[in-house]
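Student: Provided herewith: my_file_24.txt, compact mmCIF, C-alpha atoms and all ligand atoms.
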```
# COMPACT_ATOMS: atom_id res chain seq x y z
CA MET C 1 94.27 136.74 105.71
CA GLU C 2 91.95 133.75 105.86
CA TYR C 3 90.25 135.01 109.03
CA ILE C 4 89.80 138.46 107.52
CA ARG C 5 88.16 136.90 104.46
CA ILE C 6 85.75 134.81 106.53
CA LEU C 7 84.93 137.70 108.89
CA LYS C 8 84.20 140.06 105.97
CA TYR C 9 81.80 137.52 104.51
CA LEU C 10 80.12 136.98 107.86
CA VAL C 11 79.63 140.71 108.45
CA GLN C 12 77.91 141.07 105.04
CA LYS C 13 75.77 138.02 105.69
CA ASN C 14 74.77 139.18 109.14
CA VAL C 15 73.85 142.67 107.97
CA SER C 16 71.70 141.31 105.14
CA SER C 17 69.99 138.91 107.54
CA VAL C 18 68.74 141.83 109.63
CA PHE C 19 66.81 143.11 106.60
CA SER C 20 65.69 139.74 105.29
CA GLY C 21 62.38 139.60 107.14
CA LYS C 22 61.09 137.12 109.65
CA SER C 23 62.06 133.54 110.03
CA GLN C 24 60.24 130.91 108.10
CA GLN C 25 59.81 127.36 109.39
CA LYS C 26 60.50 124.71 106.78
CA LEU C 27 60.04 121.63 108.99
CA ASN C 28 56.56 120.17 109.65
CA SER C 29 57.73 119.64 113.21
CA VAL C 30 61.02 120.67 114.78
CA ASP C 31 62.01 117.14 115.82
CA MET C 32 63.30 113.86 114.39
CA ASP C 33 60.12 113.22 112.37
CA GLY C 34 60.28 116.73 110.95
CA ILE C 35 63.86 116.07 109.83
CA VAL C 36 62.93 112.68 108.35
CA ASN C 37 60.04 114.14 106.31
CA PHE C 38 62.18 117.03 105.14
CA LEU C 39 65.15 114.80 104.26
CA ALA C 40 62.90 112.50 102.22
CA GLU C 41 62.06 115.48 99.97
CA THR C 42 65.42 117.28 99.98
CA ASN C 43 68.48 116.85 97.81
CA GLU C 44 71.05 119.49 98.70
CA VAL C 45 72.26 118.12 102.03
CA ILE C 46 75.57 119.07 103.62
CA VAL C 47 76.98 116.90 106.40
CA MET C 48 79.57 118.31 108.80
CA THR C 49 81.41 115.77 110.94
CA GLY C 50 83.95 115.47 113.72
CA ALA C 51 85.76 112.87 115.77
CA GLY C 52 82.52 111.60 117.38
CA ILE C 53 81.58 109.69 114.22
CA SER C 54 84.70 107.54 114.56
CA THR C 55 84.62 106.73 118.29
CA ASN C 56 82.62 103.57 117.57
CA ALA C 57 85.56 102.52 115.39
CA ASN C 58 87.70 102.82 118.56
CA ILE C 59 89.36 106.06 117.48
CA PRO C 60 89.27 108.48 120.43
CA ASP C 61 87.81 111.95 120.04
CA PHE C 62 89.47 115.01 121.58
CA ARG C 63 87.23 116.48 124.27
CA SER C 64 85.10 113.66 125.70
CA GLU C 65 85.83 113.35 129.42
CA SER C 66 86.34 109.61 129.61
CA PHE C 67 88.19 108.73 126.40
CA GLY C 68 89.08 112.06 124.73
CA LEU C 69 92.74 112.53 123.74
CA TYR C 70 93.09 115.84 125.58
CA ASN C 71 92.48 114.18 128.94
CA ARG C 72 95.31 111.75 128.44
CA LEU C 73 98.17 114.15 127.81
CA GLN C 74 99.26 114.98 131.39
CA LYS C 75 102.41 112.86 131.09
CA TYR C 76 103.84 115.16 128.40
CA ASN C 77 103.96 118.29 130.57
CA LEU C 78 102.63 120.43 127.73
CA PRO C 79 102.53 124.24 127.98
CA HIS C 80 98.79 124.01 127.14
CA THR C 81 96.41 121.20 126.20
CA THR C 82 96.39 121.70 122.44
CA ALA C 83 100.17 122.30 122.18
CA VAL C 84 100.74 118.79 120.87
CA PHE C 85 98.63 119.66 117.82
CA THR C 86 100.22 123.07 117.31
CA LEU C 87 102.74 123.65 114.51
CA LYS C 88 105.08 125.79 116.61
CA TYR C 89 105.30 123.16 119.36
CA PHE C 90 105.58 120.29 116.85
CA LYS C 91 108.62 121.97 115.25
CA GLU C 92 110.29 122.34 118.67
CA ASN C 93 109.35 118.93 120.02
CA PRO C 94 107.64 116.39 117.75
CA ALA C 95 108.13 113.55 120.26
CA PRO C 96 104.74 113.82 122.07
CA PHE C 97 102.89 114.00 118.73
CA TYR C 98 104.66 110.90 117.48
CA ASP C 99 104.19 109.12 120.79
CA ILE C 100 100.43 109.55 120.36
CA ALA C 101 100.77 108.56 116.69
CA HIS C 102 102.62 105.40 117.78
CA GLU C 103 99.58 104.46 119.88
CA MET C 104 97.08 105.51 117.22
CA TYR C 105 98.49 104.12 113.94
CA PRO C 106 97.58 100.46 114.60
CA VAL C 107 94.09 101.59 115.65
CA LEU C 108 93.72 103.73 112.53
CA GLN C 109 94.97 100.94 110.33
CA ASN C 110 92.44 98.45 111.68
CA ALA C 111 89.50 100.83 111.93
CA LYS C 112 86.41 100.18 109.87
CA PRO C 113 83.80 102.79 108.96
CA THR C 114 80.84 103.11 111.31
CA ILE C 115 77.11 103.11 110.62
CA THR C 116 77.33 106.90 110.49
CA HIS C 117 79.98 106.80 107.74
CA TYR C 118 77.74 104.45 105.76
CA PHE C 119 74.72 106.68 106.39
CA ILE C 120 76.64 109.53 104.74
CA LYS C 121 77.59 107.22 101.87
CA LEU C 122 73.93 106.22 101.51
CA LEU C 123 72.87 109.87 101.39
CA ASP C 124 75.24 110.17 98.43
CA GLN C 125 73.85 107.05 96.75
CA LYS C 126 70.36 108.53 97.10
CA GLY C 127 71.57 111.66 95.27
CA LYS C 128 71.08 113.78 98.39
CA LEU C 129 74.62 114.61 99.47
CA LEU C 130 75.92 117.94 98.25
CA LYS C 131 79.16 117.73 100.27
CA HIS C 132 80.67 116.20 103.38
CA TYR C 133 82.86 118.60 105.38
CA THR C 134 84.91 116.75 107.97
CA GLN C 135 87.51 117.59 110.60
CA ASN C 136 88.56 113.95 110.69
CA ILE C 137 91.89 112.81 109.36
CA ASP C 138 91.14 109.07 109.49
CA CYS C 139 89.77 108.80 105.90
CA LEU C 140 87.04 106.39 107.07
CA GLU C 141 84.48 108.05 104.78
CA GLU C 142 86.69 107.09 101.85
CA LEU C 143 86.91 103.53 103.15
CA ALA C 144 83.10 103.54 103.29
CA GLY C 145 83.19 104.20 99.55
CA LEU C 146 82.48 107.92 99.43
CA GLU C 147 84.19 109.49 96.42
CA GLY C 148 87.04 111.86 97.27
CA LYS C 149 85.42 114.83 95.53
CA LYS C 150 82.41 114.58 97.89
CA THR C 151 84.49 115.18 101.04
CA VAL C 152 86.38 118.26 102.17
CA GLN C 153 88.99 117.11 104.67
CA ALA C 154 89.24 120.45 106.42
CA HIS C 155 91.97 119.29 108.83
CA GLY C 156 93.92 117.24 106.29
CA HIS C 157 94.54 113.49 106.42
CA ILE C 158 97.10 110.87 107.39
CA LYS C 159 97.63 109.38 103.92
CA THR C 160 100.80 111.35 103.23
CA GLY C 161 103.41 113.45 105.02
CA THR C 162 105.69 116.34 104.12
CA CYS C 163 109.24 117.16 105.19
CA LEU C 164 109.31 120.38 107.20
CA GLY C 165 112.69 121.21 105.59
CA CYS C 166 112.69 120.46 101.86
CA GLN C 167 108.93 119.78 101.46
CA LYS C 168 109.51 116.31 100.02
CA SER C 169 106.36 114.20 100.15
CA PHE C 170 106.22 110.76 101.83
CA ASP C 171 103.53 108.10 101.63
CA PHE C 172 101.60 106.49 104.48
CA LYS C 173 103.71 103.33 104.43
CA PHE C 174 106.96 105.25 104.91
CA LEU C 175 105.53 107.11 107.89
CA LYS C 176 103.80 104.08 109.36
CA ASP C 177 106.95 101.91 109.26
CA LYS C 178 108.83 104.51 111.33
CA VAL C 179 105.98 105.36 113.68
CA ILE C 180 105.26 101.73 114.49
CA LYS C 181 108.92 101.28 115.49
CA ASN C 182 108.50 104.34 117.74
CA GLU C 183 110.86 106.42 115.60
CA ILE C 184 110.27 110.03 114.60
CA PRO C 185 110.08 110.01 110.77
CA ARG C 186 112.93 112.05 109.29
CA CYS C 187 113.49 113.08 105.69
CA ASN C 188 115.92 110.88 103.74
CA GLU C 189 117.12 113.96 101.81
CA CYS C 190 117.64 116.63 104.46
CA SER C 191 117.04 114.84 107.82
CA GLU C 192 114.35 117.30 108.92
CA THR C 193 111.20 116.03 110.70
CA ILE C 194 108.36 114.84 108.51
CA LYS C 195 104.87 115.97 109.47
CA PRO C 196 101.80 113.98 108.40
CA ASP C 197 99.59 116.15 106.16
CA VAL C 198 97.15 116.88 108.96
CA VAL C 199 96.38 120.53 109.73
CA LEU C 200 97.88 121.61 113.04
CA PHE C 201 96.87 124.76 114.93
CA GLY C 202 98.81 127.59 113.30
CA GLU C 203 98.51 126.15 109.79
CA SER C 204 96.24 127.13 106.91
CA LEU C 205 93.29 124.99 105.99
CA PRO C 206 93.38 123.38 102.54
CA LYS C 207 92.37 125.50 99.53
CA GLU C 208 89.21 123.48 98.91
CA PHE C 209 87.87 124.42 102.35
CA TRP C 210 87.74 128.08 101.33
CA ASN C 211 85.27 127.33 98.54
CA PHE C 212 82.63 126.69 101.23
CA THR C 213 80.44 129.60 100.12
CA SER C 214 79.44 127.91 96.87
CA ASP C 215 78.34 124.78 98.75
CA PHE C 216 76.72 126.38 101.78
CA SER C 217 74.71 128.88 99.73
CA LYS C 218 72.99 125.92 98.02
CA CYS C 219 72.43 123.88 101.19
CA LYS C 220 68.81 122.93 101.99
CA LEU C 221 69.54 120.81 105.09
CA LEU C 222 72.62 120.81 107.32
CA ILE C 223 73.39 117.67 109.33
CA ILE C 224 76.13 118.09 111.94
CA ILE C 225 77.40 114.89 113.55
CA GLY C 226 79.87 114.05 116.32
CA THR C 227 81.62 117.34 116.84
CA SER C 228 81.91 119.85 119.68
CA LEU C 229 82.21 122.62 117.04
CA ALA C 230 84.89 124.09 119.27
CA VAL C 231 87.46 124.89 116.60
CA GLN C 232 87.32 127.75 114.09
CA PRO C 233 87.08 128.30 111.21
CA PHE C 234 85.36 124.92 110.76
CA ALA C 235 82.73 125.63 113.44
CA GLY C 236 81.73 128.80 111.61
CA LEU C 237 80.42 126.74 108.68
CA ALA C 238 77.32 125.98 110.77
CA GLY C 239 76.36 129.64 110.41
CA GLN C 240 76.89 129.72 106.65
CA VAL C 241 73.58 128.23 105.55
CA ASP C 242 70.50 130.31 104.86
CA LEU C 243 68.95 131.62 108.10
CA ASN C 244 65.88 129.42 107.56
CA CYS C 245 67.79 126.29 106.52
CA PRO C 246 66.99 123.45 108.94
CA ARG C 247 70.00 122.20 110.90
CA VAL C 248 70.21 119.00 112.86
CA LEU C 249 72.91 118.21 115.41
CA ILE C 250 73.43 114.53 116.17
CA ASN C 251 75.70 114.37 119.18
CA ARG C 252 76.12 112.94 122.64
CA ASP C 253 76.50 116.42 124.11
CA GLN C 254 75.00 119.80 123.42
CA ILE C 255 77.67 122.01 121.82
CA GLY C 256 79.25 125.00 123.51
CA ASP C 257 81.09 128.14 122.50
CA SER C 258 84.15 128.67 120.33
CA GLU C 259 87.45 128.32 122.14
CA MET C 260 89.37 130.56 119.83
CA LEU C 261 87.28 133.63 119.16
CA GLY C 262 85.33 133.94 122.38
CA SER C 263 81.58 134.20 122.86
CA PHE C 264 81.20 137.85 121.83
CA LEU C 265 82.43 137.23 118.28
CA THR C 266 80.74 133.87 117.96
CA ASN C 267 77.37 135.36 118.88
CA LEU C 268 77.79 138.49 116.81
CA PHE C 269 78.71 136.66 113.62
CA HIS C 270 76.66 133.48 114.11
CA LEU C 271 79.97 131.61 114.12
CA ASN C 272 78.64 128.92 116.38
CA PRO C 273 74.94 129.54 116.78
CA GLU C 274 73.55 127.61 119.70
CA PHE C 275 71.12 124.93 118.78
CA GLY C 276 67.70 125.51 120.25
CA SER C 277 68.40 129.15 121.14
CA THR C 278 65.25 131.27 120.78
CA SER C 279 66.27 132.72 117.41
CA ASN C 280 66.77 129.23 115.99
CA THR C 281 63.93 127.16 117.44
CA HIS C 282 62.09 127.18 114.10
CA ARG C 283 64.86 125.24 112.37
CA ASP C 284 67.32 123.60 114.79
CA VAL C 285 66.87 120.03 115.96
CA PHE C 286 69.16 118.40 118.52
CA LEU C 287 69.14 114.60 118.41
CA GLU C 288 70.99 113.65 121.56
CA GLY C 289 72.77 110.31 121.80
CA ASP C 290 75.03 107.90 119.99
CA CYS C 291 75.32 108.90 116.32
CA ASP C 292 75.25 105.32 115.01
CA LYS C 293 72.02 104.59 116.88
CA ILE C 294 70.45 107.82 115.66
CA CYS C 295 71.58 107.35 112.04
CA LEU C 296 70.11 103.84 112.12
CA GLN C 297 66.86 105.24 113.52
CA LEU C 298 66.77 107.87 110.78
CA ALA C 299 67.44 105.20 108.16
CA GLU C 300 64.63 103.07 109.57
CA LYS C 301 62.15 105.94 109.47
CA LEU C 302 63.22 106.68 105.89
CA GLY C 303 62.78 103.02 104.89
CA TRP C 304 66.53 102.67 104.24
CA LYS C 305 67.56 100.47 107.17
CA GLU C 306 68.03 97.18 105.27
CA GLU C 307 69.93 98.97 102.52
CA LEU C 308 72.19 100.68 105.04
CA LEU C 309 73.03 97.47 106.88
CA LYS C 310 73.63 95.61 103.60
CA LEU C 311 75.92 98.37 102.35
CA MET C 312 77.90 98.26 105.58
CA ASP C 313 78.07 94.50 105.68
CA GLU C 314 79.25 94.09 102.08
CA ASN C 315 81.72 96.92 102.19
CA ASN C 316 83.23 95.86 105.52
CA ARG C 317 83.65 92.33 104.17
CA ASN C 318 85.53 93.76 101.15
CA ILE C 319 87.74 95.81 103.47
CA GLU C 320 88.62 92.70 105.49
CA GLU C 321 89.39 90.73 102.32
CA LYS C 322 91.64 93.49 100.99
CA LYS C 323 93.47 93.75 104.33
CA SER C 324 94.02 90.01 104.51
CA LYS C 325 95.81 90.14 101.12
CA ILE C 326 98.25 92.90 102.13
P1 LIG U 401 85.67 116.74 119.92
O1 LIG U 401 86.30 115.70 120.75
O2 LIG U 401 85.90 118.15 120.29
O3 LIG U 401 84.08 116.52 119.88
C1 LIG U 401 83.52 115.28 119.60
C2 LIG U 401 82.04 115.33 119.96
O4 LIG U 401 81.46 114.10 119.57
C3 LIG U 401 81.79 115.49 121.45
O5 LIG U 401 80.78 116.48 121.63
C4 LIG U 401 81.29 114.10 121.90
O6 LIG U 401 80.29 114.19 122.90
C5 LIG U 401 80.67 113.59 120.62
N1 LIG U 401 80.70 112.13 120.48
C6 LIG U 401 81.70 111.25 120.73
N2 LIG U 401 81.35 110.00 120.39
C7 LIG U 401 80.08 110.07 119.93
C8 LIG U 401 79.15 109.11 119.44
N3 LIG U 401 79.47 107.82 119.31
N4 LIG U 401 77.93 109.56 119.06
C9 LIG U 401 77.59 110.88 119.16
N5 LIG U 401 78.43 111.82 119.61
C10 LIG U 401 79.65 111.43 119.99
O7 LIG U 401 86.10 116.44 118.40
P2 LIG U 401 86.00 117.44 117.15
O8 LIG U 401 84.82 118.32 117.28
O9 LIG U 401 86.14 116.63 115.94
O10 LIG U 401 91.77 119.70 115.41
O11 LIG U 401 87.33 118.30 117.36
C11 LIG U 401 87.61 119.33 116.47
C12 LIG U 401 89.07 119.55 116.31
O12 LIG U 401 89.68 119.73 117.59
C13 LIG U 401 89.84 118.37 115.74
O13 LIG U 401 89.75 118.27 114.34
C14 LIG U 401 91.24 118.63 116.21
C15 LIG U 401 90.95 119.04 117.63
O14 LIG U 401 91.88 119.83 118.23
C16 LIG U 401 93.10 119.92 115.38
O15 LIG U 401 93.88 119.28 116.05
C17 LIG U 401 93.53 121.01 114.46
ZN ZN U 402 113.65 117.08 103.55
```
If you convert what's in this file into structure tokens, what do you get?

Tutor:
Amino acid sequence: MEYIRILKYLVQKNVSSVFSGKSQQKLNSVDMDGIVNFLAETNEVIVMTGAGISTNANIPDFRSESFGLYNRLQKYNLPHTTAVFTLKYFKENPAPFYDIAHEMYPVLQNAKPTITHYFIKLLDQKGKLLKHYTQNIDCLEELAGLEGKKTVQAHGHIKTGTCLGCQKSFDFKFLKDKVIKNEIPRCNECSETIKPDVVLFGESLPKEFWNFTSDFSKCKLLIIIGTSLAVQPFAGLAGQVDLNCPRVLINRDQIGDSEMLGSFLTNLFHLNPEFGSTSNTHRDVFLEGDCDKICLQLAEKLGWKEELLKLMDENNRNIEEKKSKI
């Protein structure tokens, strides 16, 4: 049902775009300076993020060759790479998922937000952030001080878990205590496996994700950071802004095609429009490299660098103090 809804919307949008006239360039120059000048004057900014914004906090991403999670799963003999994050497989065999969780929980617990998280927080403080859509489940944006209502956690989060049998809810501490001891968390009512409230392949995205139209129709600048945009329906959000809305991708790698729907559909419906392709050269800017370095550069050009570093410094000190009291 959800895919039908999104596809219907995309068909309408695509048809209307054909009749909407020629493209209009809103950036003075289609490069970093163009983005900086535009951002200085623009308030309705949407930021879309993925695992790449947390790699500098030592949390691995999924698809990077050297440290991505998917390249480290050979030992589990999985039927396919993403099986470990698939609901059907998790129900049959939650052990590989929890083995990875056992490795990841201490990292997640000690992780501090990165410069990029604080850059997003600063955008909010400046009154510029309309919404932050993230695929990340680490909640680092919240730790950076971004209010919950400003973030859509499209792939859920690790703060709670739910029993696959009776649906009883469990808090992070309950799950963490089991996972750290290398046990699979089981429900204390019905003994079924508990699943953290992250969205696995085969599950619906949270309700709030599906309100994207009201945000994306208002968006004046889209900033996409640290994601391969390989997973739908999240990747399709990049095609939801106005056809002339400037979009900037801050990433180590250029992004490719959708894994799930194939290139025909992605091209037809602008599900994952390629940055820099001829139809988008008037509005797409690719800033290649480490997102923290680039966000710091952007902040410097905007005259926000000191403020950004102070925000990060103070907040990270508070986080350390809080942790030392637990
Ligand atoms: P990916 O691992 O697919 O992509 C992360 C991107 O960030 C890659 O293009 C990296 O090159 C880039 N990157 C890594 N570190 C960076 C850095 N410091 N600076 C700039 N770029 C950096 O991760 P996601 O796109 O988030 O879903 O993955 C999407 C979804 O696939 C996840 O939410 C997860 C996964 O399967 C589910 O499991 C449902
Ligand atoms: Zn139960």

Student: So which residues touch segment 199-211 of chain C within 12 Å, counting all atoms listed in the file, skipping near sequence neighbours fewer than 6 positions away, as a ChimeraX atom specification?

Tutor: /C:1-3,5-6,9,81-91,97,131-137,148-158,161-162,217,231-234,236-237,240,260

Student: Mind checking which residues fall within 9 Å of Ile46 of chain C, counting only C-alpha atoms, ignoring those fewer than 5 positions away in the same chain, and posting them as an MDAnalysis selection string?

Tutor: chainID C and resid 128:133 215:216 219:224

Student: Can you build me a table of segment 217-323 of chain C residues sitting at most 12 Å from segment 107-112 of chain C, with the closest atom pair per residue and its distance in Å to one decimal, using only C-alpha atoms, sorted by chain and residue number, as JSON lines?

Tutor:
```
{"residue": "C:Met312", "atom": "CA", "partner": "C:Lys112", "partner_atom": "CA", "distance": 9.7}
{"residue": "C:Asp313", "atom": "CA", "partner": "C:Lys112", "partner_atom": "CA", "distance": 10.9}
{"residue": "C:Asn315", "atom": "CA", "partner": "C:Lys112", "partner_atom": "CA", "distance": 9.6}
{"residue": "C:Asn316", "atom": "CA", "partner": "C:Lys112", "partner_atom": "CA", "distance": 6.9}
{"residue": "C:Arg317", "atom": "CA", "partner": "C:Lys112", "partner_atom": "CA", "distance": 10.1}
{"residue": "C:Asn318", "atom": "CA", "partner": "C:Lys112", "partner_atom": "CA", "distance": 10.9}
{"residue": "C:Ile319", "atom": "CA", "partner": "C:Lys112", "partner_atom": "CA", "distance": 7.9}
{"residue": "C:Glu320", "atom": "CA", "partner": "C:Lys112", "partner_atom": "CA", "distance": 8.9}
{"residue": "C:Lys322", "atom": "CA", "partner": "C:Asn110", "partner_atom": "CA", "distance": 11.8}
{"residue": "C:Lys323", "atom": "CA", "partner": "C:Asn110", "partner_atom": "CA", "distance": 8.8}
```

Student: Residues within 9 Å of ligand ZN 402 (chain U) should be enumerated using only C-alpha atoms and all ligand atoms and returned as a PyMOL selection string.

Tutor: chain C and resi 162-169+186-194

Student: Compute the set of protein, DNA and RNA residues whose minimum atom distance to ligand LIG 401 (chain U) is at most 7 Å, using all atoms listed in the file, and state it as an mmCIF file with C-alpha atoms, keeping the file's coordinate frame.

Tutor:
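Dumped to pocket.cif:
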```cif
data_model
loop_
_atom_site.group_PDB
_atom_site.id
_atom_site.type_symbol
_atom_site.label_atom_id
_atom_site.label_comp_id
_atom_site.auth_asym_id
_atom_site.auth_seq_id
_atom_site.Cartn_x
_atom_site.Cartn_y
_atom_site.Cartn_z
ATOM 1 C CA THR C 49 81.410 115.770 110.940
ATOM 2 C CA GLY C 50 83.950 115.470 113.720
ATOM 3 C CA ALA C 51 85.760 112.870 115.770
ATOM 4 C CA GLY C 52 82.520 111.600 117.380
ATOM 5 C CA ILE C 53 81.580 109.690 114.220
ATOM 6 C CA THR C 55 84.620 106.730 118.290
ATOM 7 C CA ASN C 56 82.620 103.570 117.570
ATOM 8 C CA ASP C 61 87.810 111.950 120.040
ATOM 9 C CA PHE C 62 89.470 115.010 121.580
ATOM 10 C CA ARG C 63 87.230 116.480 124.270
ATOM 11 C CA SER C 64 85.100 113.660 125.700
ATOM 12 C CA GLY C 68 89.080 112.060 124.730
ATOM 13 C CA THR C 82 96.390 121.700 122.440
ATOM 14 C CA PHE C 85 98.630 119.660 117.820
ATOM 15 C CA GLN C 135 87.510 117.590 110.600
ATOM 16 C CA ASN C 136 88.560 113.950 110.690
ATOM 17 C CA HIS C 155 91.970 119.290 108.830
ATOM 18 C CA VAL C 199 96.380 120.530 109.730
ATOM 19 C CA LEU C 200 97.880 121.610 113.040
ATOM 20 C CA PHE C 201 96.870 124.760 114.930
ATOM 21 C CA ILE C 225 77.400 114.890 113.550
ATOM 22 C CA GLY C 226 79.870 114.050 116.320
ATOM 23 C CA THR C 227 81.620 117.340 116.840
ATOM 24 C CA SER C 228 81.910 119.850 119.680
ATOM 25 C CA LEU C 229 82.210 122.620 117.040
ATOM 26 C CA ALA C 230 84.890 124.090 119.270
ATOM 27 C CA VAL C 231 87.460 124.890 116.600
ATOM 28 C CA ILE C 250 73.430 114.530 116.170
ATOM 29 C CA ASN C 251 75.700 114.370 119.180
ATOM 30 C CA ARG C 252 76.120 112.940 122.640
ATOM 31 C CA ASP C 253 76.500 116.420 124.110
ATOM 32 C CA GLN C 254 75.000 119.800 123.420
ATOM 33 C CA ILE C 255 77.670 122.010 121.820
ATOM 34 C CA GLY C 289 72.770 110.310 121.800
ATOM 35 C CA ASP C 290 75.030 107.900 119.990
ATOM 36 C CA CYS C 291 75.320 108.900 116.320
ATOM 37 C CA ASP C 292 75.250 105.320 115.010
#
```

Student: Which distance in Å separates atom CA of Asp284 of chain C and atom CA of Asn28 of chain C, to one decimal?

Tutor: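 So the answer is 12.4 Å.
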
Student: Residues near Val285 of chain C, anyone? I mean within 9 Å using all atoms listed in the file, not counting same-chain ones fewer than 3 positions away, as a list in words.

Tutor: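 After dropping sequence-adjacent residues, the list is Val30, Asp31, Met32, Gly34, Ile35, Pro246, Arg247, Val248, Leu249, Ile250, Phe275, Gly276, Thr281 and His282 of chain C.
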
Student: Atom CA of Leu146 of chain C and atom CA of Phe286 of chain C are how many Å apart?

Tutor: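 Separation of atom CA of Leu146 of chain C and atom CA of Phe286 of chain C: 25.5 Å.
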
Student: For a quick check of understanding, using only C-alpha atoms, which of C:Asn58, C:Ile100, C:Asn37, C:Thr114 has the smallest distance to Gly303 of chain C?

Tutor: C:Asn37

Student: Atom CA of Ile115 of chain C to atom CA of Lys293 of chain C: how many Å, to one decimal?

Tutor: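 That distance, rounded to one decimal, is 8.2 Å.
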
Student: Here is a test: counting all atoms listed in the file, which residue of C:Val36, C:Ala101, C:Val45, C:Ala144 is nearest to Glu300 of chain C?

Tutor: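 Of the candidates, the smallest distance to Glu300 of chain C is held by C:Val36.
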
Student: Extending 6 Å beyond the listed atoms of segment 215-226 of chain C on each side, what axis-aligned box results? I want centre and edge lengths in Å to one decimal, as JSON.

Tutor:
```
{"center_x": 74.3, "center_y": 121.5, "center_z": 107.2, "size_x": 23.1, "size_y": 26.8, "size_z": 30.3}
```

Student: For Arg72 of chain C, which residue among C:Leu309, C:Cys139, C:Pro60, C:Thr42 is the nearest when counting all atoms listed in the file?

Tutor: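 Result for the nearest residue to Arg72 of chain C: C:Pro60.
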